[in-house]
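The file start-v7.tsv contains TSV, C-alpha atoms:
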chain	number	residue	atom	x	y	z
I	1	MET	CA	23.71	7.08	13.75
I	2	SER	CA	22.66	3.52	12.94
I	3	LEU	CA	21.92	2.38	9.39
I	4	LEU	CA	18.24	1.92	8.57
I	5	HIS	CA	17.12	-1.69	8.52
I	6	HIS	CA	16.57	-2.77	4.94
I	7	THR	CA	16.10	-5.69	2.58
I	8	THR	CA	17.21	-6.08	-1.02
I	9	GLU	CA	15.67	-8.05	-3.89
I	10	GLY	CA	16.65	-8.48	-7.50
I	11	ARG	CA	20.05	-8.38	-9.15
I	12	PRO	CA	22.54	-5.99	-7.50
I	13	GLU	CA	23.73	-4.84	-10.93
I	14	ALA	CA	20.18	-3.83	-12.00
I	15	PRO	CA	18.99	-0.20	-11.71
I	16	ALA	CA	18.33	0.59	-8.04
I	17	LEU	CA	14.81	1.30	-6.77
I	18	ILE	CA	14.29	2.40	-3.16
I	19	LEU	CA	10.85	1.89	-1.58
I	20	GLY	CA	9.85	4.02	1.42
I	21	PRO	CA	7.06	3.17	3.90
I	22	SER	CA	4.45	5.38	5.52
I	23	LEU	CA	4.32	6.51	9.12
I	24	GLY	CA	3.53	3.59	11.44
I	25	THR	CA	4.21	0.85	8.90
I	26	ALA	CA	7.26	-1.20	7.98
I	27	LEU	CA	8.85	-2.41	4.77
I	28	ARG	CA	6.25	-5.15	4.39
I	29	LEU	CA	3.93	-2.42	3.08
I	30	TRP	CA	5.56	-3.14	-0.30
I	31	ASP	CA	5.27	-6.96	-0.14
I	32	ALA	CA	2.83	-7.11	-3.05
I	33	GLN	CA	4.86	-4.88	-5.37
I	34	ALA	CA	8.48	-5.79	-4.63
I	35	PRO	CA	8.62	-9.18	-6.43
I	36	ALA	CA	7.38	-7.74	-9.75
I	37	LEU	CA	9.56	-4.64	-9.46
I	38	ALA	CA	12.60	-6.78	-8.65
I	39	ARG	CA	12.45	-8.38	-12.09
I	40	ARG	CA	14.13	-5.34	-13.60
I	41	HIS	CA	15.41	-3.45	-10.55
I	42	HIS	CA	17.60	-3.88	-7.52
I	43	VAL	CA	14.82	-3.20	-5.02
I	44	ILE	CA	15.83	-1.75	-1.65
I	45	ARG	CA	13.17	-1.50	1.05
I	46	TYR	CA	13.82	0.26	4.35
I	47	ASP	CA	12.19	0.75	7.75
I	48	LEU	CA	11.86	4.21	9.29
I	49	PRO	CA	13.77	4.74	12.56
I	50	GLY	CA	12.06	2.87	15.38
I	51	HIS	CA	9.73	1.10	12.93
I	52	GLY	CA	9.92	-2.52	11.81
I	53	ALA	CA	13.45	-3.78	12.47
I	54	SER	CA	15.15	-0.36	12.48
I	55	PRO	CA	16.37	0.25	16.04
I	56	ALA	CA	14.92	2.88	18.32
I	57	GLU	CA	17.26	5.77	19.05
I	58	ALA	CA	17.68	8.19	21.93
I	59	ASP	CA	17.49	11.13	19.54
I	60	PRO	CA	15.60	10.05	16.38
I	61	PRO	CA	15.45	12.36	13.32
I	62	ARG	CA	12.71	15.00	13.61
I	63	THR	CA	12.63	16.51	10.11
I	64	VAL	CA	11.99	15.09	6.67
I	65	ALA	CA	15.41	16.41	5.64
I	66	ALA	CA	17.04	14.35	8.41
I	67	LEU	CA	15.08	11.26	7.38
I	68	ALA	CA	16.11	11.83	3.76
I	69	ALA	CA	19.74	12.02	4.91
I	70	ARG	CA	19.30	8.55	6.47
I	71	VAL	CA	18.07	7.21	3.13
I	72	LEU	CA	21.07	8.74	1.35
I	73	ALA	CA	23.36	7.18	3.96
I	74	LEU	CA	21.75	3.80	3.23
I	75	ALA	CA	22.24	4.26	-0.51
I	76	ASP	CA	25.88	5.24	0.06
I	77	ALA	CA	26.46	2.20	2.28
I	78	LEU	CA	25.11	0.00	-0.51
I	79	ALA	CA	27.28	1.82	-3.10
I	80	VAL	CA	24.17	3.06	-4.91
I	81	GLU	CA	24.92	6.38	-6.58
I	82	ARG	CA	21.66	6.90	-8.47
I	83	PHE	CA	18.29	5.34	-7.81
I	84	ALA	CA	14.59	5.44	-8.59
I	85	TYR	CA	12.36	6.01	-5.58
I	86	ALA	CA	8.76	5.27	-4.57
I	87	GLY	CA	7.29	6.21	-1.21
I	88	VAL	CA	3.95	6.18	0.57
I	89	SER	CA	2.82	9.20	2.62
I	90	LEU	CA	5.84	10.11	4.83
I	91	GLY	CA	7.94	7.85	2.61
I	92	GLY	CA	6.71	9.87	-0.34
I	93	ALA	CA	7.60	13.14	1.40
I	94	ILE	CA	11.13	11.79	1.84
I	95	GLY	CA	11.27	10.96	-1.87
I	96	ALA	CA	9.99	14.39	-2.89
I	97	HIS	CA	12.62	16.04	-0.68
I	98	LEU	CA	15.37	13.89	-2.20
I	99	ALA	CA	14.24	14.61	-5.76
I	100	ALA	CA	14.05	18.37	-5.10
I	101	HIS	CA	17.28	18.75	-3.12
I	102	HIS	CA	19.40	15.96	-4.62
I	103	PRO	CA	18.20	15.75	-8.24
I	104	ASP	CA	21.49	14.18	-9.29
I	105	ARG	CA	20.69	11.10	-7.18
I	106	VAL	CA	17.03	10.41	-8.13
I	107	THR	CA	16.40	9.00	-11.61
I	108	SER	CA	12.63	8.48	-11.34
I	109	LEU	CA	10.02	9.15	-8.66
I	110	ALA	CA	6.63	7.80	-7.57
I	111	LEU	CA	4.70	9.63	-4.85
I	112	VAL	CA	1.96	7.38	-3.43
I	113	CYS	CA	-0.78	8.87	-1.22
I	114	ALA	CA	1.61	11.73	-0.49
I	115	SER	CA	1.43	15.49	-0.21
I	116	ALA	CA	3.46	18.67	-0.36
I	117	ASP	CA	1.96	19.63	3.01
I	118	PHE	CA	0.21	17.34	5.50
I	119	GLY	CA	-1.89	20.08	7.08
I	120	ALA	CA	-1.61	22.33	10.11
I	121	PRO	CA	1.21	21.36	12.49
I	122	GLU	CA	-0.88	21.48	15.67
I	123	PRO	CA	-2.67	18.12	15.22
I	124	TRP	CA	0.66	16.43	14.51
I	125	HIS	CA	2.24	17.90	17.63
I	126	ALA	CA	-0.83	16.80	19.59
I	127	ARG	CA	-0.50	13.27	18.23
I	128	ALA	CA	3.19	13.22	19.14
I	129	ALA	CA	2.39	14.30	22.70
I	130	ARG	CA	-0.35	11.69	23.01
I	131	VAL	CA	1.92	8.90	21.78
I	132	ARG	CA	4.65	9.91	24.21
I	133	ALA	CA	2.10	9.83	27.05
I	134	GLU	CA	0.04	6.78	26.08
I	135	GLY	CA	2.05	4.72	23.59
I	136	VAL	CA	0.87	3.60	20.16
I	137	ASP	CA	-1.80	1.02	21.07
I	138	ARG	CA	-4.73	3.41	20.73
I	139	LEU	CA	-3.45	4.58	17.35
I	140	ALA	CA	-3.18	0.96	16.21
I	141	GLU	CA	-6.83	0.43	17.15
I	142	THR	CA	-7.92	3.27	14.86
I	143	ALA	CA	-5.38	2.57	12.09
I	144	PRO	CA	-7.73	0.53	9.84
I	145	ALA	CA	-10.23	3.41	9.71
I	146	ARG	CA	-7.45	5.84	8.75
I	147	TRP	CA	-5.67	3.54	6.31
I	148	PHE	CA	-8.41	1.64	4.46
I	149	THR	CA	-11.80	2.24	2.88
I	150	PRO	CA	-14.91	1.65	5.02
I	151	GLY	CA	-15.77	-1.52	3.12
I	152	HIS	CA	-12.31	-3.03	3.40
I	153	THR	CA	-12.21	-6.66	4.54
I	154	PRO	CA	-9.07	-7.25	6.62
I	155	THR	CA	-6.56	-9.64	5.10
I	156	GLU	CA	-3.49	-11.28	6.58
I	157	ALA	CA	-1.38	-8.59	4.90
I	158	THR	CA	-3.39	-5.63	6.20
I	159	ARG	CA	-3.61	-7.10	9.72
I	160	ALA	CA	0.18	-7.41	9.70
I	161	LEU	CA	0.48	-3.70	8.92
I	162	VAL	CA	-1.65	-2.85	11.96
I	163	ALA	CA	0.64	-5.08	14.02
I	164	ASP	CA	3.60	-3.06	12.71
I	165	GLN	CA	1.88	0.12	13.93
I	166	ARG	CA	1.45	-1.42	17.38
I	167	ALA	CA	5.14	-2.43	17.49
I	168	ALA	CA	6.53	1.02	16.55
I	169	ASP	CA	8.68	2.78	19.12
I	170	PRO	CA	6.60	5.63	20.62
I	171	GLU	CA	9.43	8.18	20.66
I	172	ALA	CA	10.43	7.37	17.07
I	173	TYR	CA	6.78	7.62	15.99
I	174	ALA	CA	6.40	10.96	17.78
I	175	ALA	CA	9.57	12.26	16.10
I	176	CYS	CA	8.13	11.31	12.70
I	177	CYS	CA	4.95	13.22	13.59
I	178	GLU	CA	7.11	16.28	14.29
I	179	ALA	CA	8.84	15.78	10.94
I	180	ILE	CA	5.46	15.78	9.20
I	181	ALA	CA	4.36	18.86	11.16
I	182	ALA	CA	7.38	20.82	9.92
I	183	TYR	CA	7.24	19.53	6.36
I	184	HIS	CA	6.23	21.83	3.54
I	185	LEU	CA	7.38	21.89	-0.07
I	186	ASP	CA	6.41	25.08	-1.86
I	187	GLU	CA	5.88	25.28	-5.61
I	188	GLU	CA	9.33	26.73	-6.21
I	189	THR	CA	10.91	23.72	-4.49
I	190	LEU	CA	8.69	21.21	-6.29
I	191	ALA	CA	9.60	22.85	-9.60
I	192	ARG	CA	13.20	21.76	-8.98
I	193	VAL	CA	12.22	18.09	-9.32
I	194	THR	CA	13.67	16.88	-12.62
I	195	ALA	CA	13.02	13.16	-12.24
I	196	PRO	CA	10.07	11.71	-14.23
I	197	THR	CA	7.34	11.58	-11.60
I	198	LEU	CA	4.19	9.52	-11.10
I	199	VAL	CA	1.70	10.73	-8.49
I	200	LEU	CA	-0.63	7.96	-7.25
I	201	ALA	CA	-3.73	8.83	-5.22
I	202	GLY	CA	-6.26	6.68	-3.43
I	203	ARG	CA	-9.63	8.08	-4.46
I	204	GLN	CA	-11.06	7.40	-0.98
I	205	ASP	CA	-7.98	8.65	0.89
I	206	THR	CA	-9.03	11.10	3.62
I	207	ALA	CA	-5.51	11.57	5.04
I	208	THR	CA	-4.05	12.85	1.76
I	209	PRO	CA	-7.10	13.40	-0.48
I	210	PRO	CA	-6.83	13.38	-4.28
I	211	ALA	CA	-6.67	17.18	-4.23
I	212	HIS	CA	-3.24	16.86	-2.59
I	213	ALA	CA	-2.13	14.55	-5.37
I	214	ARG	CA	-3.41	16.93	-8.04
I	215	HIS	CA	-1.43	19.75	-6.44
I	216	LEU	CA	1.75	17.64	-6.58
I	217	ALA	CA	1.10	16.66	-10.18
I	218	ASP	CA	0.53	20.29	-11.15
I	219	ALA	CA	3.61	21.59	-9.32
I	220	VAL	CA	6.15	18.93	-10.36
I	221	PRO	CA	7.27	19.44	-13.98
I	222	HIS	CA	5.95	16.81	-16.40
I	223	ALA	CA	4.39	14.71	-13.62
I	224	SER	CA	1.54	12.31	-14.35
I	225	LEU	CA	-1.37	11.54	-12.03
I	226	THR	CA	-3.24	8.28	-11.47
I	227	GLU	CA	-6.21	7.99	-9.10
I	228	ILE	CA	-7.06	4.51	-7.84
I	229	ASP	CA	-10.65	3.79	-6.91
I	230	GLY	CA	-11.28	1.54	-3.92
I	231	ALA	CA	-8.14	2.70	-2.13
I	232	ALA	CA	-7.63	4.92	0.87
I	233	HIS	CA	-4.29	5.89	2.44
I	234	LEU	CA	-2.40	2.60	2.06
I	235	ALA	CA	-3.14	1.97	-1.60
I	236	PRO	CA	-0.29	-0.56	-2.11
I	237	ALA	CA	-1.93	-2.85	0.46
I	238	GLU	CA	-5.58	-2.24	-0.41
I	239	GLN	CA	-5.28	-2.26	-4.22
I	240	PRO	CA	-2.00	-4.15	-4.72
I	241	ASP	CA	-2.49	-5.16	-8.36
I	242	ARG	CA	-3.44	-1.68	-9.55
I	243	VAL	CA	-0.51	-0.08	-7.75
I	244	THR	CA	1.86	-2.75	-9.10
I	245	ILE	CA	0.70	-2.16	-12.67
I	246	ALA	CA	1.05	1.62	-12.33
I	247	LEU	CA	4.57	1.31	-10.91
I	248	LEU	CA	5.66	-1.24	-13.51
I	249	ASP	CA	4.48	1.09	-16.24
I	250	HIS	CA	6.16	4.14	-14.73
I	251	PHE	CA	9.50	2.66	-13.74
I	252	GLY	CA	9.64	0.44	-16.81
I	253	SER	CA	9.13	3.34	-19.19
I	254	THR	CA	11.50	5.68	-17.35
I	255	THR	CA	14.21	3.01	-17.17
I	256	ALA	CA	13.85	2.45	-20.89
I	257	HIS	CA	13.99	6.20	-21.53
I	258	SER	CA	17.18	6.61	-19.50
I	259	GLU	CA	18.97	3.52	-20.73
I	260	GLY	CA	17.77	3.26	-24.33
I	261	PRO	CA	15.01	1.29	-26.08
I	262	ALA	CA	16.74	-2.05	-25.56
I	263	ALA	CA	16.38	-1.66	-21.79
I	264	HIS	CA	12.57	-1.57	-21.91
I	265	PRO	CA	11.38	-4.77	-20.20
I	266	GLU	CA	9.75	-6.94	-22.83
I	267	GLY	CA	7.65	-8.69	-20.22
I	268	LEU	CA	6.05	-5.54	-18.80
I	269	ALA	CA	2.95	-5.69	-21.00
I	270	ALA	CA	2.59	-9.43	-20.42
I	271	HIS	CA	2.88	-8.99	-16.66
I	272	ARG	CA	0.35	-6.16	-16.66
I	273	GLU	CA	-2.16	-8.09	-18.76
I	274	GLY	CA	-1.45	-11.26	-16.80
I	275	LEU	CA	-2.35	-9.64	-13.48
I	276	ALA	CA	-5.67	-8.50	-14.90
I	277	VAL	CA	-6.55	-11.85	-16.50
I	278	ARG	CA	-5.41	-13.89	-13.51
I	279	ARG	CA	-7.61	-11.74	-11.29
I	280	ASP	CA	-10.58	-12.05	-13.65
I	281	VAL	CA	-10.36	-15.82	-14.00
I	282	LEU	CA	-9.18	-17.03	-10.59
I	283	GLY	CA	-10.81	-14.33	-8.49
I	284	ALA	CA	-9.40	-11.35	-6.63
I	285	ASP	CA	-9.29	-13.15	-3.26
I	286	HIS	CA	-7.13	-15.98	-4.58
I	287	VAL	CA	-4.71	-13.63	-6.33
I	288	ASP	CA	-4.49	-11.40	-3.25
I	289	ARG	CA	-3.65	-14.40	-1.06
I	290	ALA	CA	-1.02	-15.61	-3.51
I	291	THR	CA	0.48	-12.13	-3.69
I	292	ALA	CA	0.50	-11.69	0.08
I	293	ALA	CA	2.23	-15.06	0.53
I	294	THR	CA	4.97	-14.30	-2.00
I	295	THR	CA	8.51	-14.48	-0.63
I	296	ALA	CA	11.87	-13.72	-2.17
I	297	PHE	CA	12.15	-17.47	-2.87
I	298	THR	CA	8.76	-17.81	-4.63
I	299	ALA	CA	8.75	-14.39	-6.34
I	300	PRO	CA	10.35	-15.58	-9.62
I	301	PHE	CA	7.73	-18.34	-9.95
I	302	GLN	CA	4.84	-15.98	-9.20
I	303	ASP	CA	6.17	-13.59	-11.83
I	304	PHE	CA	6.63	-16.46	-14.30
I	305	ILE	CA	3.05	-17.71	-14.07
I	306	THR	CA	1.63	-14.17	-14.12
I	307	ARG	CA	3.66	-13.13	-17.13
I	308	TYR	CA	3.82	-16.36	-19.14
I	309	ALA	CA	0.73	-18.41	-18.31
I	310	TRP	CA	-1.73	-15.55	-17.78
I	311	GLY	CA	-0.14	-12.72	-19.74
I	312	GLU	CA	1.04	-14.59	-22.83
I	313	ILE	CA	-1.06	-17.77	-23.10
I	314	TRP	CA	-4.47	-16.92	-21.63
I	315	THR	CA	-4.52	-13.65	-23.57
I	316	ARG	CA	-3.86	-15.20	-26.99
I	317	PRO	CA	-6.75	-14.64	-29.45
I	318	GLY	CA	-6.88	-18.19	-30.87
I	319	LEU	CA	-9.17	-19.63	-28.17
I	320	ASP	CA	-11.80	-18.01	-26.01
I	321	ARG	CA	-11.66	-18.38	-22.22
I	322	ARG	CA	-14.39	-21.04	-22.14
I	323	THR	CA	-12.36	-23.26	-24.45
I	324	ARG	CA	-9.16	-22.63	-22.53
I	325	SER	CA	-10.96	-23.70	-19.36
I	326	CYS	CA	-12.00	-26.96	-21.03
I	327	VAL	CA	-8.43	-27.66	-22.12
I	328	THR	CA	-7.07	-26.77	-18.67
I	329	LEU	CA	-9.56	-29.03	-16.86
I	330	THR	CA	-8.65	-31.96	-19.08
I	331	ALA	CA	-4.93	-31.48	-18.54
I	332	LEU	CA	-5.33	-31.27	-14.77
I	333	VAL	CA	-7.48	-34.43	-14.73
I	334	ALA	CA	-4.82	-36.25	-16.76
I	335	ARG	CA	-2.04	-35.28	-14.37
I	336	GLY	CA	-4.07	-35.73	-11.18
I	337	TYR	CA	-3.46	-32.18	-9.94
I	338	HIS	CA	-6.56	-32.06	-7.77
I	339	GLU	CA	-5.84	-28.83	-5.87
I	340	GLU	CA	-5.34	-26.98	-9.16
I	341	LEU	CA	-8.37	-28.76	-10.60
I	342	ALA	CA	-10.57	-27.36	-7.80
I	343	LEU	CA	-9.25	-23.89	-8.52
I	344	HIS	CA	-9.96	-24.23	-12.23
I	345	VAL	CA	-13.45	-25.64	-11.75
I	346	ARG	CA	-14.21	-22.32	-10.09
I	347	ALA	CA	-12.43	-20.55	-12.93
I	348	ALA	CA	-14.45	-22.48	-15.51
I	349	VAL	CA	-17.69	-21.27	-13.93
I	350	THR	CA	-16.31	-17.72	-13.98
I	351	ASN	CA	-15.51	-18.19	-17.67
I	352	GLY	CA	-19.09	-19.16	-18.42
I	353	LEU	CA	-19.16	-22.99	-18.31
I	354	THR	CA	-22.26	-24.53	-16.74
I	355	PRO	CA	-22.03	-27.49	-14.33
I	356	GLU	CA	-23.44	-29.66	-17.11
I	357	GLU	CA	-20.68	-28.57	-19.50
I	358	ILE	CA	-18.03	-29.21	-16.86
I	359	GLY	CA	-19.50	-32.69	-16.44
I	360	GLU	CA	-19.19	-33.26	-20.19
I	361	VAL	CA	-15.51	-32.27	-20.08
I	362	LEU	CA	-14.91	-34.77	-17.26
I	363	LEU	CA	-16.79	-37.52	-19.16
I	364	GLN	CA	-14.62	-36.86	-22.20
I	365	SER	CA	-11.57	-37.03	-19.93
I	366	ALA	CA	-12.69	-40.43	-18.66
I	367	VAL	CA	-12.25	-41.84	-22.17
I	368	TYR	CA	-8.78	-40.42	-22.82
I	369	CYS	CA	-7.34	-39.99	-19.29
I	370	GLY	CA	-8.83	-43.05	-17.58
I	371	VAL	CA	-11.85	-43.78	-15.43
I	372	PRO	CA	-10.01	-43.58	-12.06
I	373	ALA	CA	-8.70	-40.12	-12.95
I	374	ALA	CA	-12.16	-38.95	-13.98
I	375	ASN	CA	-13.71	-40.51	-10.87
I	376	SER	CA	-11.45	-38.38	-8.64
I	377	ALA	CA	-12.10	-35.35	-10.82
I	378	PHE	CA	-15.88	-35.72	-10.51
I	379	ALA	CA	-15.52	-35.82	-6.71
I	380	VAL	CA	-13.45	-32.62	-6.73
I	381	ALA	CA	-15.82	-30.86	-9.14
I	382	ALA	CA	-18.92	-31.91	-7.20
I	383	ARG	CA	-17.45	-30.47	-4.01
I	384	VAL	CA	-16.51	-27.17	-5.65
I	385	LEU	CA	-19.86	-26.78	-7.41
I	386	ALA	CA	-21.67	-27.42	-4.13
I	387	GLU	CA	-19.55	-24.72	-2.47
I	388	LEU	CA	-20.42	-22.32	-5.25
I	389	ASP	CA	-24.13	-23.08	-4.82
I	390	LYS	CA	-23.88	-22.21	-1.13
I	391	GLU	CA	-22.03	-18.98	-1.92
I	392	ASP	CA	-24.59	-17.97	-4.56
I	393	PRO	CA	-27.79	-20.03	-4.17
I	394	ARG	CA	-29.46	-18.46	-7.22
How does this structure look as structure tokens?
Amino acid sequence: MSLLHHTTEGRPEAPALILGPSLGTALRLWDAQAPALARRHHVIRYDLPGHGASPAEADPPRTVAALAARVLALADALAVERFAYAGVSLGGAIGAHLAAHHPDRVTSLALVCASADFGAPEPWHARAARVRAEGVDRLAETAPARWFTPGHTPTEATRALVADQRAADPEAYAACCEAIAAYHLDEETLARVTAPTLVLAGRQDTATPPAHARHLADAVPHASLTEIDGAAHLAPAEQPDRVTIALLDHFGSTTAHSEGPAAHPEGLAAHREGLAVRRDVLGADHVDRATAATTAFTAPFQDFITRYAWGEIWTRPGLDRRTRSCVTLTALVARGYHEELALHVRAAVTNGLTPEEIGEVLLQSAVYCGVPAANSAFAVAARVLAELDKEDPR
């Protein structure tokens, strides 16, 4: 039995948090959440057998219990005795099994787009047979319709997940289908879960509809339920900020509860508010691109600007957002940071400044920052304002 492929982020001495993927995806499903979670946790992400970089096997595990045993073997290999766990769909089923059957190992649990029962076994056996006969290409073609809302615009991150589906080993995928077919946690079993539990549902999820999430939340003692609008089955990829905020709240509060008040991360509120403000001011597309491009190397910086610049400075009550935009534009003109200036010209319009008011800020900057600096700034601003006119000709 080979060890599941995995990556780790955060300090090894921090509380462990294992993140499980859904059927057909790989550990990159958690790319948007891992950097923020790694601030206070030792984050361990794994690939299912035959998925991502986990090797294909002649006899892959065919039950959720066997998959859960692989996760425990990974934790043991990393000398992790107790851990928090979050999983999507099949990854969530693995987490629920672990929490019910190994409650001494699981400190906190998040079940994302998961279920206690994924429906009648026959369709899953039929899918397994089809994959063994035809491979996974046809499933990859239909994956976006199963995973995302009808209005979803593909991003680099979501296209990569479809590529992971296409690269999955057919026999390993079929074995996971058989595991799902046999999976069922009754209410008596779910009642054995003692870990603080968050159930997250995508409101537009047709694979595991919100009713499945409500059943989990009702059956697991003291569980809480959060429904996320605008998300289907892969909520962490489609609504990354909302899922990140929910997980930060859940795992931050449960870590504090288990380790004492001093362990509560002081930056949690700032990070949560920062994500919201950053998205409001810079635009969802920009923030999603920055999040998708985050690596282990850049994660601390992304967290720093989210928490400090956007969560602690931009949220202070002393200045409104219009005034903060004026100050920011002037500073960027003075330093000649033209790429950031273009970004914040857009932000200034979002914050309510008119083109004429932006021009006044740049004229003022010409006096105190120098005419050459203002000359370049006017060129940048003119270009951005023209782009905005084309995007919204009103």
* To do: Please write as a list in words the list of polymer residues whose atoms come within 9 Å of (10.3, -12.1, -10.2), counting only C-alpha atoms and keeping to the coordinates of the file.
  =>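 Answer for this query, in the requested form: Gly10, Ala34, Pro35, Ala36, Leu37, Ala38, Arg39, Arg40, Ala296, Thr298, Ala299, Pro300, Phe301, Gln302, Asp303 and Phe304 of chain I.
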* **Given all atoms listed in the file as the counted atoms, nearest of I:Ala96, I:Leu247, I:Ala129, I:Ala86 to Leu216 (chain I)** =>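 Answer, going by the shortest atom-to-atom distance: I:Ala96.
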* Just give me the gap between CA of Gly318 (chain I) and CA of Asp280 (chain I) in Å, one decimal is fine. =>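 Those two atoms sit 18.7 Å apart.
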* Closest to Ala219 (chain I) among I:Leu109, I:Leu190, I:Ala143, I:Ile358, using only C-alpha atoms? -> I:Leu190
* Surrounding residues of region 203-207 of chain I excluding itself and chain neighbours under 2 positions, 7 Å, all atoms listed in the file, as a ChimeraX atom specification -> /I:149,201,209-210,227-233
What does the file look like for those residues with C-alpha atoms, as a compact mmCIF listing (two decimals), in the coordinates of the input?
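This went into part27.txt:
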# COMPACT_ATOMS: atom_id res chain seq x y z
CA THR I 149 -11.80 2.24 2.88
CA ALA I 201 -3.73 8.83 -5.22
CA PRO I 209 -7.10 13.40 -0.48
CA PRO I 210 -6.83 13.38 -4.28
CA GLU I 227 -6.21 7.99 -9.10
CA ILE I 228 -7.06 4.51 -7.84
CA ASP I 229 -10.65 3.79 -6.91
CA GLY I 230 -11.28 1.54 -3.92
CA ALA I 231 -8.14 2.70 -2.13
CA ALA I 232 -7.63 4.92 0.87
CA HIS I 233 -4.29 5.89 2.44
* **Nearest-residue call for Val367 (chain I), choices I:Ala334, I:Val380, I:Thr197, I:Gly119, using all atoms listed in the file** =>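 Among the listed residues, I:Ala334 lies closest to Val367 (chain I).
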* What separation in Å, quoted to one decimal, exists between CA of Pro103 (chain I) and CA of Arg192 (chain I)? ->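 Between CA of Pro103 (chain I) and CA of Arg192 (chain I) the gap works out to 7.9 Å.
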* When you draw a straight line from CA of Leu282 (chain I) to CA of Ala381 (chain I), how long is it in Å? -> 15.4 Å
* Asked: Pick from I:Glu57, I:Glu156, I:Glu357, I:Glu340: nearest to Glu171 (chain I), with all atoms listed in the file counted?
  ->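 Answer, going by the shortest atom-to-atom distance: I:Glu57.
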* To do: Would you mind telling me which residue in I:Val281, I:Cys177, I:Val193, I:Leu23 lies nearest to Ala110 (chain I) when using all atoms listed in the file?
  =>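 Closest to Ala110 (chain I), using all atoms listed in the file: I:Val193.
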* **Residues within 8 Å of His5 (chain I), only C-alpha atoms, excluding chain neighbours under 2 positions, as number ranges by chain** => I: 3, 7, 46-48, 52-55
* 12 Å contact set for Gln364 (chain I), all atoms listed in the file, chain neighbours under 4 positions out, as a list in words -> Cys326, Val327, Leu329, Thr330, Ala331, Val333, Ala334, Glu357, Ile358, Gly359, Glu360, Tyr368, Cys369, Gly370, Val371, Ala373, Ala374, Asn375, Ala377 and Phe378 of chain I
Could I see region 28-41 of chain I restored to N, CA and C atoms, set down as a PDB file, in the coordinates of the input?
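Saved result, rebuild_12.pdb, follows:
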ATOM      1  N   ARG I  28       7.191  -4.184   4.972  1.00  0.00           N
ATOM      2  CA  ARG I  28       6.250  -5.150   4.390  1.00  0.00           C
ATOM      3  C   ARG I  28       5.091  -4.473   3.661  1.00  0.00           C
ATOM      4  N   LEU I  29       4.940  -3.153   3.841  1.00  0.00           N
ATOM      5  CA  LEU I  29       3.930  -2.420   3.080  1.00  0.00           C
ATOM      6  C   LEU I  29       4.066  -2.657   1.585  1.00  0.00           C
ATOM      7  N   TRP I  30       5.283  -2.949   1.125  1.00  0.00           N
ATOM      8  CA  TRP I  30       5.560  -3.140  -0.300  1.00  0.00           C
ATOM      9  C   TRP I  30       5.625  -4.618  -0.693  1.00  0.00           C
ATOM     10  N   ASP I  31       5.162  -5.525   0.158  1.00  0.00           N
ATOM     11  CA  ASP I  31       5.270  -6.960  -0.140  1.00  0.00           C
ATOM     12  C   ASP I  31       4.654  -7.334  -1.477  1.00  0.00           C
ATOM     13  N   ALA I  32       3.528  -6.715  -1.816  1.00  0.00           N
ATOM     14  CA  ALA I  32       2.830  -7.110  -3.050  1.00  0.00           C
ATOM     15  C   ALA I  32       3.531  -6.593  -4.292  1.00  0.00           C
ATOM     16  N   GLN I  33       4.251  -5.481  -4.179  1.00  0.00           N
ATOM     17  CA  GLN I  33       4.860  -4.880  -5.370  1.00  0.00           C
ATOM     18  C   GLN I  33       6.313  -5.295  -5.586  1.00  0.00           C
ATOM     19  N   ALA I  34       7.033  -5.570  -4.517  1.00  0.00           N
ATOM     20  CA  ALA I  34       8.480  -5.790  -4.630  1.00  0.00           C
ATOM     21  C   ALA I  34       8.862  -6.935  -5.580  1.00  0.00           C
ATOM     22  N   PRO I  35       8.185  -8.095  -5.535  1.00  0.00           N
ATOM     23  CA  PRO I  35       8.620  -9.180  -6.430  1.00  0.00           C
ATOM     24  C   PRO I  35       8.564  -8.804  -7.911  1.00  0.00           C
ATOM     25  N   ALA I  36       7.486  -8.137  -8.337  1.00  0.00           N
ATOM     26  CA  ALA I  36       7.380  -7.740  -9.750  1.00  0.00           C
ATOM     27  C   ALA I  36       8.402  -6.673 -10.094  1.00  0.00           C
ATOM     28  N   LEU I  37       8.590  -5.703  -9.201  1.00  0.00           N
ATOM     29  CA  LEU I  37       9.560  -4.640  -9.460  1.00  0.00           C
ATOM     30  C   LEU I  37      10.984  -5.165  -9.494  1.00  0.00           C
ATOM     31  N   ALA I  38      11.240  -6.230  -8.732  1.00  0.00           N
ATOM     32  CA  ALA I  38      12.600  -6.780  -8.650  1.00  0.00           C
ATOM     33  C   ALA I  38      13.006  -7.532  -9.911  1.00  0.00           C
ATOM     34  N   ARG I  39      12.074  -7.746 -10.820  1.00  0.00           N
ATOM     35  CA  ARG I  39      12.450  -8.380 -12.090  1.00  0.00           C
ATOM     36  C   ARG I  39      13.454  -7.545 -12.857  1.00  0.00           C
ATOM     37  N   ARG I  40      13.272  -6.224 -12.815  1.00  0.00           N
ATOM     38  CA  ARG I  40      14.130  -5.340 -13.600  1.00  0.00           C
ATOM     39  C   ARG I  40      14.896  -4.330 -12.751  1.00  0.00           C
ATOM     40  N   HIS I  41      14.752  -4.408 -11.428  1.00  0.00           N
ATOM     41  CA  HIS I  41      15.410  -3.450 -10.550  1.00  0.00           C
ATOM     42  C   HIS I  41      16.066  -4.155  -9.361  1.00  0.00           C
TER      43      HIS I  41
END
